[in-house]
Each structure stands twice: as C-alpha cells, then as structure tokens.
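Asks: Input structure: protein_28.pdb, which contains PDB, C-alpha atoms.
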```
ATOM      1  CA  MET I   1     102.510  27.661 -98.494
ATOM      2  CA  THR I   2     103.841  26.341 -95.185
ATOM      3  CA  ASP I   3     103.504  22.821 -93.922
ATOM      4  CA  LEU I   4     100.904  23.559 -91.235
ATOM      5  CA  PRO I   5     100.486  19.988 -89.910
ATOM      6  CA  ARG I   6     104.261  19.670 -89.419
ATOM      7  CA  LEU I   7     104.469  23.057 -87.687
ATOM      8  CA  LEU I   8     101.611  22.123 -85.357
ATOM      9  CA  ALA I   9     103.170  18.758 -84.579
ATOM     10  CA  ASP I  10     106.504  20.444 -83.804
ATOM     11  CA  ALA I  11     104.782  22.948 -81.524
ATOM     12  CA  LEU I  12     102.964  20.201 -79.605
ATOM     13  CA  THR I  13     105.944  17.868 -79.226
ATOM     14  CA  LEU I  14     107.458  17.983 -75.758
ATOM     15  CA  PRO I  15     111.234  18.234 -75.592
ATOM     16  CA  ASP I  16     113.233  15.388 -74.109
ATOM     17  CA  PRO I  17     113.629  15.841 -70.355
ATOM     18  CA  ASP I  18     116.980  17.116 -69.150
ATOM     19  CA  THR I  19     117.978  14.252 -66.873
ATOM     20  CA  GLY I  20     121.087  16.118 -65.724
ATOM     21  CA  ALA I  21     119.018  19.068 -64.515
ATOM     22  CA  GLU I  22     116.573  16.718 -62.812
ATOM     23  CA  ALA I  23     119.413  14.993 -60.963
ATOM     24  CA  GLU I  24     120.807  18.382 -59.870
ATOM     25  CA  ALA I  25     117.400  19.483 -58.575
ATOM     26  CA  VAL I  26     116.935  16.253 -56.609
ATOM     27  CA  ALA I  27     120.449  16.578 -55.156
ATOM     28  CA  ALA I  28     119.763  20.195 -54.123
ATOM     29  CA  PHE I  29     116.496  19.150 -52.469
ATOM     30  CA  ARG I  30     118.255  16.397 -50.539
ATOM     31  CA  VAL I  31     120.990  18.788 -49.338
ATOM     32  CA  ALA I  32     118.346  21.266 -48.162
ATOM     33  CA  ARG I  33     116.326  18.531 -46.475
ATOM     34  CA  ASP I  34     119.348  16.997 -44.758
ATOM     35  CA  SER I  35     120.607  20.392 -43.550
ATOM     36  CA  GLY I  36     117.301  21.050 -41.781
ATOM     37  CA  ALA I  37     116.220  23.884 -44.062
ATOM     38  CA  LEU I  38     112.896  22.153 -44.761
ATOM     39  CA  ARG I  39     111.992  21.524 -41.116
ATOM     40  CA  ALA I  40     110.377  24.890 -40.567
ATOM     41  CA  PRO I  41     106.720  24.519 -39.621
ATOM     42  CA  THR I  42     104.142  25.274 -42.267
ATOM     43  CA  ARG I  43     102.719  28.757 -41.829
ATOM     44  CA  ARG I  44      99.008  28.650 -41.099
ATOM     45  CA  CYS I  45      98.158  30.782 -44.122
ATOM     46  CA  ASP I  46     100.142  28.408 -46.379
ATOM     47  CA  ASP I  47      98.269  25.354 -45.110
ATOM     48  CA  TRP I  48      95.338  24.908 -47.490
ATOM     49  CA  ARG I  49      93.849  21.872 -45.795
ATOM     50  CA  ARG I  50      90.258  22.471 -44.688
ATOM     51  CA  GLU I  51      90.746  20.930 -41.252
ATOM     52  CA  GLY I  52      90.281  23.494 -38.479
ATOM     53  CA  GLY I  53      89.842  26.456 -40.794
ATOM     54  CA  ALA I  54      93.458  26.364 -41.942
ATOM     55  CA  GLY I  55      94.377  28.796 -44.662
ATOM     56  CA  THR I  56      92.189  31.631 -43.399
ATOM     57  CA  SER I  57      94.719  33.595 -41.326
ATOM     58  CA  CYS I  58      96.083  35.514 -44.334
ATOM     59  CA  GLY I  59      93.100  37.826 -44.461
ATOM     60  CA  PHE I  60      90.947  35.927 -46.925
ATOM     61  CA  SER I  61      88.757  32.897 -46.983
ATOM     62  CA  ALA I  62      89.260  29.983 -49.349
ATOM     63  CA  ASP I  63      85.483  29.858 -49.785
ATOM     64  CA  SER I  64      85.118  33.388 -51.164
TER      65      SER I  64
END
```
Any chance you could put this one into structure tokens?
Replies:
Amino acid sequence: MTDLPRLLADALTLPDPDTGAEAEAVAAFRVARDSGALRAPTRRCDDWRREGGAGTSCGFSADS
C-alpha cells in the first residue's frame, strides 16, 4: 500500500521560488518600461474599469 498522506503532502507543497528567474523577469520588465514599450495607451476594450462604460467597445458588455 502507498503512503497516501505523504503523497498528498508532496503534491500540495509549493516548490521553492526561482529567484534567478524572478530577477530576470523584473530586469526584462524594466528594460521594456525604460525603452518606452509600455507607454502605449490602454485600448478601450482592455480597460475593465466601470467608469464611462469602458470595456464595452469589443462587442460585448461586462454585465452580460
């Protein structure tokens, strides 16, 4: 018979975060931000704030 409690505990245990990958992702974000790549205006259909009916120009309503 298998050790079910141990198998469940192993399945529910989160792995240690990869701090190297996190640092690379932050560095890539900063390069993109500093190069101006993130300065594009938010498209109306990507803006999900309720103010002014935003988010409805993509052909659907957030309320439906």
Asks: Report, as AutoDock Vina command-line options, the centre and edge lengths in Å (one decimal) of the axis-aligned box enclosing every listed atom of stretch 19-31 of chain I, padded by 6 Å on each side.
Replies:
```
--center_x 118.8 --center_y 17.2 --center_z -58.1 --size_x 16.6 --size_y 17.9 --size_z 29.5
```
Asks: Just to confirm, what's the straight-line distance from atom CA of I:Ala11 to atom CA of I:Val26 in Å (one decimal)?
Replies: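 A separation of 28.5 Å between them.
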Asks: In Å, with one decimal, what is the gap from atom CA of I:Thr42 to atom CA of I:Arg30?
Replies: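 It comes out at 18.6 Å.
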Asks: Measure the distance from atom CA of I:Pro5 to atom CA of I:Pro17 in Å and round it to one decimal.
Replies: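 Interatomic distance, atom CA of I:Pro5 to atom CA of I:Pro17: 23.9 Å.
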Asks: Could I get stretch 6-18 of chain I rebuilt with N, CA, C and O atoms, written as a short mmCIF file (atom, residue, chain, number, x, y, z; two decimals), in the coordinates of the input?
Replies:
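Below you can see selection_36.cif, which holds the result:
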```
data_model
loop_
_atom_site.label_atom_id
_atom_site.label_comp_id
_atom_site.auth_asym_id
_atom_site.auth_seq_id
_atom_site.Cartn_x
_atom_site.Cartn_y
_atom_site.Cartn_z
N ARG I 6 102.94 19.89 -89.99
CA ARG I 6 104.26 19.67 -89.42
C ARG I 6 104.57 20.72 -88.37
O ARG I 6 105.11 20.42 -87.30
N LEU I 7 104.23 21.98 -88.64
CA LEU I 7 104.47 23.06 -87.69
C LEU I 7 103.67 22.84 -86.40
O LEU I 7 104.18 23.05 -85.29
N LEU I 8 102.43 22.40 -86.54
CA LEU I 8 101.61 22.12 -85.36
C LEU I 8 102.17 20.95 -84.56
O LEU I 8 102.23 20.99 -83.33
N ALA I 9 102.59 19.91 -85.26
CA ALA I 9 103.17 18.76 -84.58
C ALA I 9 104.44 19.16 -83.83
O ALA I 9 104.67 18.74 -82.69
N ASP I 10 105.28 19.98 -84.46
CA ASP I 10 106.50 20.44 -83.80
C ASP I 10 106.18 21.28 -82.57
O ASP I 10 106.86 21.18 -81.55
N ALA I 11 105.16 22.09 -82.65
CA ALA I 11 104.78 22.95 -81.52
C ALA I 11 104.22 22.14 -80.36
O ALA I 11 104.37 22.52 -79.20
N LEU I 12 103.59 21.01 -80.65
CA LEU I 12 102.96 20.20 -79.60
C LEU I 12 103.86 19.09 -79.06
O LEU I 12 103.50 18.42 -78.11
N THR I 13 105.03 18.91 -79.67
CA THR I 13 105.94 17.87 -79.23
C THR I 13 106.76 18.36 -78.04
O THR I 13 107.39 19.41 -78.10
N LEU I 14 106.70 17.61 -76.95
CA LEU I 14 107.46 17.98 -75.76
C LEU I 14 108.93 17.66 -75.96
O LEU I 14 109.27 16.63 -76.53
N PRO I 15 109.80 18.53 -75.47
CA PRO I 15 111.23 18.23 -75.59
C PRO I 15 111.62 17.09 -74.67
O PRO I 15 110.92 16.78 -73.70
N ASP I 16 112.73 16.45 -74.98
CA ASP I 16 113.23 15.39 -74.11
C ASP I 16 113.60 15.99 -72.76
O ASP I 16 114.15 17.09 -72.69
N PRO I 17 113.29 15.30 -71.67
CA PRO I 17 113.63 15.84 -70.36
C PRO I 17 115.14 15.92 -70.17
O PRO I 17 115.89 15.08 -70.68
N ASP I 18 115.56 16.93 -69.45
CA ASP I 18 116.98 17.12 -69.15
C ASP I 18 117.29 16.34 -67.88
O ASP I 18 117.08 16.83 -66.77
#
```
